[in-house]
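Participant: Before we start, here is the structure in question, set down as structure tokens.
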Amino acid sequence: MENHDRDFPLDHVPDNSRVGLLSLSAVLLGFTFFSPTMIAGGKVAANYGLNDFIKIMILGNLILGLYVAIMSVIGTKTGLTSVLLSRYALGTAGAKWADILLGGTQLGWYAVSAAYVAELFVKALNMNESSYIFWAIFWSIVMGITAVYGFKGMEIVSYIAIPLILILAVWTPILGIQKAGSWAALSQIKPASNMNITTALTVIVGTFASGGTQVTNWSRFAKGAGVSFFAAMLAFFIGNGLMIFAGGIGAIAFQQPDLVEVFLQMGIIFWALVILTINIWTTNDAAAYAFGVAGSEMFNNPNKKPFVIGGVLIATILAATRIYNYFIPWLVLLGIFIPPLGGTIIGDYFFVWKTELPKLDTVNFRGLRIANLIAYLIGTFSAWVGNTYNIGIPPLQGIIVAAIMVPVVNKIFELLGIDDKHKVVVK
């Protein structure tokens, strides 16, 4: 095939390209050990006391971890990316929405991350604000260069970044406890403001609602379902939870949700600068990889590199406009619109295909699967209602409602005599 891409963006990953637990865990932990997640933890913790924050943190990350682990296993079993799984669930035209939603949000994450590193350099080096644009462009382009090398490039950078961010994630709570005087004293600090629990949980799940839904991009390389399930739980429950926890403890102790300001007060800004830059680099590699494979699916091009490069250029422009100012609203939106897509894929895989997904080249895909689209919209509506009216746990509702509505709506279509399924061709 021309322009063959060793990451198989438009095909099933073959057995001879599968990897073990260490490789997959390194990539996924490099993805979730993401310092802006610490900011999200700080912003949530600033609205709660220590004990309530820890309960919300555990619940939010448990929801995220189990959801992503299920998606991860589907990726391993099928060898397909999330956007290709969306082709089965929503049809060829419906999959374009997944391309835009998943690829677009990862592009946005890339821009937020590059902007964050730029802001970090400006504050840490006490530079003039006008230098911000230079740093945003510089780091966006540098991070984009390694993203072109795909899974292997991400794995190499992750091996360097994971130990460093682990040090920072342990160091920050220790300094926070020292600042408060003790763990008991830390638990007595009252929140300065208030955030309802539905928003707090949506923010926590929203940290990796998009990335978690796209975990199949990497879990499809796993040698077995056990490998992918364990690696996903390790990364998205433990790893992401550690980031939320570290940011939250710093925010409570210093009464400051801005992580950069916390590091300045701690007096560790230089080391934080080095560690956070390398850390964000790994996650931005994964983000660029994600919008690269989304572009491949959208334009049916087996080479993802042009879409990685194009996405990085767009993200660079967004980073220069300080897109990170909209961080929390961004997370809330991700927590509403993206989990139902994963729920639709899960429902389609288990209830429609009965886990027996046929190979891509044996399926005549419909342009749009209306039944599953309706299920997705109902799931999204339930998440939006939950977030708007503070009912339940919006991301979890979106996942469960969408997954359950897939067989329900498909059964209704079947009873009405409406043919809405793809045709499988025996070859």
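Numbering starts fresh at 1 for the residues of each chain in the structure tokens, the chains themselves are lettered A, B, ... in the order given, and ligands are numbered from 1 as they appear.
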Find the residues near A:Ile160: any atom within 10 Å, counting only C-alpha atoms, skip ones fewer than 3 places away on the same chain, and give them as a list of chain:residue names.
Facilitator: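 After dropping sequence-adjacent residues, the list is A:Ala26, A:Gly30, A:Glu155, A:Ile156, A:Val157, A:Pro163, A:Leu164, A:Ile165, A:Ile275, A:Ile278, A:Asn279, A:Thr282.
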Participant: Please produce an output containing N, CA, C and O atoms for each residue in the selection, written as an mmCIF file, in the first residue's frame.
Facilitator:
```
data_model
loop_
_atom_site.group_PDB
_atom_site.id
_atom_site.type_symbol
_atom_site.label_atom_id
_atom_site.label_comp_id
_atom_site.auth_asym_id
_atom_site.auth_seq_id
_atom_site.Cartn_x
_atom_site.Cartn_y
_atom_site.Cartn_z
ATOM 1 N N ALA A 26 3.404 2.109 29.626
ATOM 2 C CA ALA A 26 4.264 3.290 29.497
ATOM 3 C C ALA A 26 3.589 4.364 28.661
ATOM 4 O O ALA A 26 3.590 5.550 29.025
ATOM 5 N N GLY A 30 2.156 7.715 30.272
ATOM 6 C CA GLY A 30 2.707 8.949 29.725
ATOM 7 C C GLY A 30 1.610 9.894 29.264
ATOM 8 O O GLY A 30 1.767 11.120 29.276
ATOM 9 N N GLU A 155 6.356 6.039 23.097
ATOM 10 C CA GLU A 155 6.867 5.109 24.100
ATOM 11 C C GLU A 155 8.219 5.568 24.630
ATOM 12 O O GLU A 155 8.471 5.572 25.850
ATOM 13 N N ILE A 156 9.105 6.021 23.755
ATOM 14 C CA ILE A 156 10.447 6.449 24.159
ATOM 15 C C ILE A 156 10.384 7.667 25.076
ATOM 16 O O ILE A 156 11.021 7.712 26.137
ATOM 17 N N VAL A 157 9.593 8.681 24.682
ATOM 18 C CA VAL A 157 9.477 9.890 25.504
ATOM 19 C C VAL A 157 8.827 9.567 26.844
ATOM 20 O O VAL A 157 9.189 10.128 27.886
ATOM 21 N N PRO A 163 8.974 8.730 35.277
ATOM 22 C CA PRO A 163 9.631 8.857 36.585
ATOM 23 C C PRO A 163 9.689 10.305 37.077
ATOM 24 O O PRO A 163 9.552 10.559 38.279
ATOM 25 N N LEU A 164 9.871 11.245 36.154
ATOM 26 C CA LEU A 164 9.975 12.651 36.548
ATOM 27 C C LEU A 164 8.661 13.183 37.096
ATOM 28 O O LEU A 164 8.631 13.860 38.132
ATOM 29 N N ILE A 165 7.555 12.899 36.412
ATOM 30 C CA ILE A 165 6.273 13.434 36.883
ATOM 31 C C ILE A 165 5.839 12.720 38.158
ATOM 32 O O ILE A 165 5.151 13.313 39.008
ATOM 33 N N ILE A 275 10.232 19.300 34.645
ATOM 34 C CA ILE A 275 9.405 18.096 34.706
ATOM 35 C C ILE A 275 8.095 18.281 33.953
ATOM 36 O O ILE A 275 7.668 17.402 33.190
ATOM 37 N N ILE A 278 8.519 18.190 30.030
ATOM 38 C CA ILE A 278 8.675 16.832 29.495
ATOM 39 C C ILE A 278 7.366 16.060 29.621
ATOM 40 O O ILE A 278 6.954 15.326 28.713
ATOM 41 N N ASN A 279 6.688 16.265 30.761
ATOM 42 C CA ASN A 279 5.417 15.571 31.000
ATOM 43 C C ASN A 279 4.364 15.935 29.957
ATOM 44 O O ASN A 279 3.714 15.071 29.361
ATOM 45 N N THR A 282 4.747 14.336 26.479
ATOM 46 C CA THR A 282 4.238 12.989 26.222
ATOM 47 C C THR A 282 2.751 13.009 25.901
ATOM 48 O O THR A 282 2.284 12.298 25.003
#
```
Participant: List every residue of stretch 17-180 of chain A that DSSP, applied to the backbone of this structure, places in alpha helix (DSSP H), and write the result as an MDAnalysis selection string.
Facilitator: chainID A and resid 21:32 35:45 50:78 82:98 104:124 132:147 150:180
Participant: Write out as a list of chain:residue names which residues come within 10 Å of A:Thr92 when counting only C-alpha atoms, dropping same-chain ones fewer than 6 positions away.
Facilitator: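 In the requested format, the answer is A:Val83, A:Leu84, A:Ser86, A:Glu297, A:Met298, A:Asn364, A:Phe365, A:Arg366, A:Gly367, A:Leu368, A:Arg369.
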Participant: Which residues are near A:Ile269? Cut-off 12 Å, only C-alpha atoms, ignore same chain within fewer than 3 positions. Put them as number ranges by chain.
Facilitator: A: 120-126, 168, 172, 259-266, 272-277
Participant: Using the selection just defined, write its residues with N, CA, C and O atoms as a PDB file, in the first residue's frame.
Facilitator:
```
ATOM      1  N   LEU A 120       3.999  28.812  31.646  1.00  0.00           N
ATOM      2  CA  LEU A 120       4.924  28.343  32.672  1.00  0.00           C
ATOM      3  C   LEU A 120       6.311  28.962  32.480  1.00  0.00           C
ATOM      4  O   LEU A 120       6.935  29.425  33.444  1.00  0.00           O
ATOM      5  N   PHE A 121       6.785  28.992  31.257  1.00  0.00           N
ATOM      6  CA  PHE A 121       8.102  29.565  30.971  1.00  0.00           C
ATOM      7  C   PHE A 121       8.128  31.070  31.242  1.00  0.00           C
ATOM      8  O   PHE A 121       9.099  31.595  31.792  1.00  0.00           O
ATOM      9  N   VAL A 122       7.058  31.752  30.856  1.00  0.00           N
ATOM     10  CA  VAL A 122       6.999  33.209  31.076  1.00  0.00           C
ATOM     11  C   VAL A 122       7.067  33.529  32.565  1.00  0.00           C
ATOM     12  O   VAL A 122       7.830  34.399  32.999  1.00  0.00           O
ATOM     13  N   LYS A 123       6.290  32.804  33.381  1.00  0.00           N
ATOM     14  CA  LYS A 123       6.269  33.073  34.819  1.00  0.00           C
ATOM     15  C   LYS A 123       7.541  32.604  35.504  1.00  0.00           C
ATOM     16  O   LYS A 123       8.093  33.302  36.366  1.00  0.00           O
ATOM     17  N   ALA A 124       8.011  31.405  35.135  1.00  0.00           N
ATOM     18  CA  ALA A 124       9.196  30.840  35.794  1.00  0.00           C
ATOM     19  C   ALA A 124      10.443  31.665  35.523  1.00  0.00           C
ATOM     20  O   ALA A 124      11.285  31.849  36.410  1.00  0.00           O
ATOM     21  N   LEU A 125      10.568  32.175  34.312  1.00  0.00           N
ATOM     22  CA  LEU A 125      11.750  32.952  33.932  1.00  0.00           C
ATOM     23  C   LEU A 125      11.544  34.450  34.121  1.00  0.00           C
ATOM     24  O   LEU A 125      12.417  35.239  33.774  1.00  0.00           O
ATOM     25  N   ASN A 126      10.371  34.807  34.677  1.00  0.00           N
ATOM     26  CA  ASN A 126      10.040  36.208  34.955  1.00  0.00           C
ATOM     27  C   ASN A 126      10.228  37.083  33.715  1.00  0.00           C
ATOM     28  O   ASN A 126      10.833  38.152  33.749  1.00  0.00           O
ATOM     29  N   LEU A 168       7.332  14.690  40.929  1.00  0.00           N
ATOM     30  CA  LEU A 168       6.591  15.926  41.172  1.00  0.00           C
ATOM     31  C   LEU A 168       5.250  15.638  41.841  1.00  0.00           C
ATOM     32  O   LEU A 168       4.817  16.374  42.735  1.00  0.00           O
ATOM     33  N   THR A 172       4.752  17.399  45.478  1.00  0.00           N
ATOM     34  CA  THR A 172       3.760  18.460  45.688  1.00  0.00           C
ATOM     35  C   THR A 172       2.898  18.227  46.936  1.00  0.00           C
ATOM     36  O   THR A 172       2.765  19.137  47.766  1.00  0.00           O
ATOM     37  N   LEU A 259      -1.759  26.127  39.503  1.00  0.00           N
ATOM     38  CA  LEU A 259      -0.627  25.270  39.829  1.00  0.00           C
ATOM     39  C   LEU A 259       0.707  25.995  39.686  1.00  0.00           C
ATOM     40  O   LEU A 259       1.631  25.774  40.485  1.00  0.00           O
ATOM     41  N   VAL A 260       0.835  26.840  38.694  1.00  0.00           N
ATOM     42  CA  VAL A 260       2.085  27.579  38.513  1.00  0.00           C
ATOM     43  C   VAL A 260       2.369  28.463  39.724  1.00  0.00           C
ATOM     44  O   VAL A 260       3.490  28.526  40.233  1.00  0.00           O
ATOM     45  N   GLU A 261       1.316  29.135  40.215  1.00  0.00           N
ATOM     46  CA  GLU A 261       1.474  29.982  41.402  1.00  0.00           C
ATOM     47  C   GLU A 261       1.834  29.139  42.630  1.00  0.00           C
ATOM     48  O   GLU A 261       2.619  29.569  43.485  1.00  0.00           O
ATOM     49  N   VAL A 262       1.268  27.942  42.720  1.00  0.00           N
ATOM     50  CA  VAL A 262       1.597  27.045  43.832  1.00  0.00           C
ATOM     51  C   VAL A 262       3.072  26.669  43.789  1.00  0.00           C
ATOM     52  O   VAL A 262       3.771  26.710  44.812  1.00  0.00           O
ATOM     53  N   PHE A 263       3.573  26.347  42.610  1.00  0.00           N
ATOM     54  CA  PHE A 263       4.987  25.988  42.490  1.00  0.00           C
ATOM     55  C   PHE A 263       5.893  27.173  42.821  1.00  0.00           C
ATOM     56  O   PHE A 263       6.961  26.999  43.411  1.00  0.00           O
ATOM     57  N   LEU A 264       5.463  28.359  42.430  1.00  0.00           N
ATOM     58  CA  LEU A 264       6.238  29.552  42.775  1.00  0.00           C
ATOM     59  C   LEU A 264       6.311  29.724  44.287  1.00  0.00           C
ATOM     60  O   LEU A 264       7.378  30.025  44.849  1.00  0.00           O
ATOM     61  N   GLN A 265       5.178  29.527  44.967  1.00  0.00           N
ATOM     62  CA  GLN A 265       5.161  29.657  46.425  1.00  0.00           C
ATOM     63  C   GLN A 265       5.967  28.545  47.094  1.00  0.00           C
ATOM     64  O   GLN A 265       6.572  28.752  48.148  1.00  0.00           O
ATOM     65  N   MET A 266       5.974  27.373  46.498  1.00  0.00           N
ATOM     66  CA  MET A 266       6.739  26.253  47.058  1.00  0.00           C
ATOM     67  C   MET A 266       8.243  26.443  46.867  1.00  0.00           C
ATOM     68  O   MET A 266       9.040  25.799  47.542  1.00  0.00           O
ATOM     69  N   ALA A 272      10.014  22.161  38.556  1.00  0.00           N
ATOM     70  CA  ALA A 272       8.665  22.005  38.010  1.00  0.00           C
ATOM     71  C   ALA A 272       8.655  22.335  36.521  1.00  0.00           C
ATOM     72  O   ALA A 272       7.988  21.670  35.726  1.00  0.00           O
ATOM     73  N   LEU A 273       9.417  23.350  36.146  1.00  0.00           N
ATOM     74  CA  LEU A 273       9.506  23.758  34.739  1.00  0.00           C
ATOM     75  C   LEU A 273      10.034  22.617  33.880  1.00  0.00           C
ATOM     76  O   LEU A 273       9.464  22.282  32.835  1.00  0.00           O
ATOM     77  N   VAL A 274      11.105  21.988  34.322  1.00  0.00           N
ATOM     78  CA  VAL A 274      11.716  20.894  33.566  1.00  0.00           C
ATOM     79  C   VAL A 274      10.769  19.693  33.486  1.00  0.00           C
ATOM     80  O   VAL A 274      10.500  19.155  32.405  1.00  0.00           O
ATOM     81  N   ILE A 275      10.232  19.300  34.645  1.00  0.00           N
ATOM     82  CA  ILE A 275       9.405  18.096  34.706  1.00  0.00           C
ATOM     83  C   ILE A 275       8.095  18.281  33.953  1.00  0.00           C
ATOM     84  O   ILE A 275       7.668  17.402  33.190  1.00  0.00           O
ATOM     85  N   LEU A 276       7.445  19.432  34.159  1.00  0.00           N
ATOM     86  CA  LEU A 276       6.154  19.660  33.515  1.00  0.00           C
ATOM     87  C   LEU A 276       6.288  19.738  32.000  1.00  0.00           C
ATOM     88  O   LEU A 276       5.419  19.268  31.273  1.00  0.00           O
ATOM     89  N   THR A 277       7.378  20.320  31.528  1.00  0.00           N
ATOM     90  CA  THR A 277       7.568  20.427  30.076  1.00  0.00           C
ATOM     91  C   THR A 277       7.681  19.046  29.444  1.00  0.00           C
ATOM     92  O   THR A 277       7.017  18.736  28.445  1.00  0.00           O
TER      93      THR A 277
END
```
Participant: Which one is closest to A:Arg87: A:Met38, A:Val385, A:Asp99, A:Thr321? Count only C-alpha atoms.
Facilitator: A:Asp99
Participant: Select from stretch 199-244 of chain A every residue with an atom at most 12 Å from any atom of stretch 289-294 of chain A, then for each give the shortest pair of atoms and their distance in Å to one decimal, using only C-alpha atoms, rows by chain and rising number, as a tab-separated table.
Facilitator:
```
residue	atom	partner	partner_atom	distance
A:Ser210	CA	A:Ala290	CA	9.8
A:Gly211	CA	A:Ala290	CA	8.2
A:Gly212	CA	A:Ala290	CA	11.0
A:Thr213	CA	A:Ala290	CA	10.6
A:Gln214	CA	A:Ala290	CA	7.2
A:Val215	CA	A:Ala290	CA	9.3
A:Thr216	CA	A:Ala290	CA	10.1
A:Asn217	CA	A:Ala290	CA	7.2
A:Trp218	CA	A:Ala290	CA	9.5
```
Participant: Show which residues sit within 8 Å of stretch 21-25 of chain A, as a PyMOL selection string. Count only C-alpha atoms, and ignore same-chain residues fewer than 3 positions away.
Facilitator: chain A and resi 28-29+155+218-219+221-222+227-228+231-232+234-235
Participant: Please dump the current selection as a PDB file, in the first residue's frame; keep C-alpha atoms.
Facilitator:
```pdb
ATOM      1  CA  LEU A  28      -0.944   5.209  28.635  1.00  0.00           C
ATOM      2  CA  LEU A  29       0.750   6.461  31.815  1.00  0.00           C
ATOM      3  CA  GLU A 155       6.867   5.109  24.100  1.00  0.00           C
ATOM      4  CA  TRP A 218      -3.240   2.455  21.654  1.00  0.00           C
ATOM      5  CA  SER A 219      -4.885  -0.563  23.315  1.00  0.00           C
ATOM      6  CA  PHE A 221      -1.600  -2.838  20.013  1.00  0.00           C
ATOM      7  CA  ALA A 222      -1.968  -4.948  23.200  1.00  0.00           C
ATOM      8  CA  VAL A 227      -3.014  -6.505  29.296  1.00  0.00           C
ATOM      9  CA  SER A 228      -5.196  -3.689  27.996  1.00  0.00           C
ATOM     10  CA  ALA A 231      -2.914  -0.954  31.683  1.00  0.00           C
ATOM     11  CA  ALA A 232      -6.039   1.202  31.299  1.00  0.00           C
ATOM     12  CA  LEU A 234      -3.388   1.656  35.989  1.00  0.00           C
ATOM     13  CA  ALA A 235      -3.267   4.759  33.816  1.00  0.00           C
TER      14      ALA A 235
END
```
Participant: Considering only C-alpha atoms, return as a list in words whatever protein or nucleic-acid residues lie within 8 Å of A:Gly248, sequence-local ones (same chain, fewer than 4 positions apart) excluded.
Facilitator: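 So, after excluding close chain neighbours, the residues are Met38, Ile39, Gly41, Gly42, Lys43, Val44, Ala45, Ala46, Phe53, Ile244, Ile252 and Pro257 of chain A.
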Participant: Tell me, as an MDAnalysis selection string, which residues lie within 7 Å of A:Pro191, counting only C-alpha atoms; anything in the same chain fewer than 4 positions away does not count.
Facilitator: chainID A and resid 46:49
Participant: Restrict the calculation to only C-alpha atoms, then for each residue of stretch 246-334 of chain A with any atom at most 7 Å from an atom of stretch 174-189 of chain A give the closest atom pair and their distance in Å to one decimal, rows by chain and rising residue number, as CSV.
Facilitator:
```
residue,atom,partner,partner_atom,distance
A:Ile249,CA,A:Gly176,CA,6.1
A:Gly250,CA,A:Gly176,CA,5.1
A:Ala253,CA,A:Gly176,CA,5.1
```
Participant: What does the structure give for the distance between atom CA of A:Asp420 and atom CA of A:Ala371, in Å to one decimal?
Facilitator: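 Calculated distance between atom CA of A:Asp420 and atom CA of A:Ala371 is 7.0 Å.
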Participant: Of the candidates A:Leu333, A:Val68, A:Ala147, A:Ile323, which shows the shortest atom-to-atom distance to A:Thr380, using only C-alpha atoms?
Facilitator: A:Leu333
Participant: May I ask which of the residues A:Asn240, A:Asn16, A:Thr76, A:Ser82 is the closest one to A:Thr37, counting only C-alpha atoms?
Facilitator: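 Counting only C-alpha atoms, the residue closest to A:Thr37 is A:Asn240.
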Participant: I'd like the interatomic distance between atom CA of A:Ile370 and atom CA of A:Gly386, to a tenth of an Å.
Facilitator: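 Atom CA of A:Gly386 lies 24.3 Å from atom CA of A:Ile370.
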Participant: Considering only C-alpha atoms, can you say which of A:Ala402, A:Pro358, A:Gly310, A:Leu396 comes closest to A:Ile345?
Facilitator: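 Selected residue with least distance to A:Ile345: A:Ala402.
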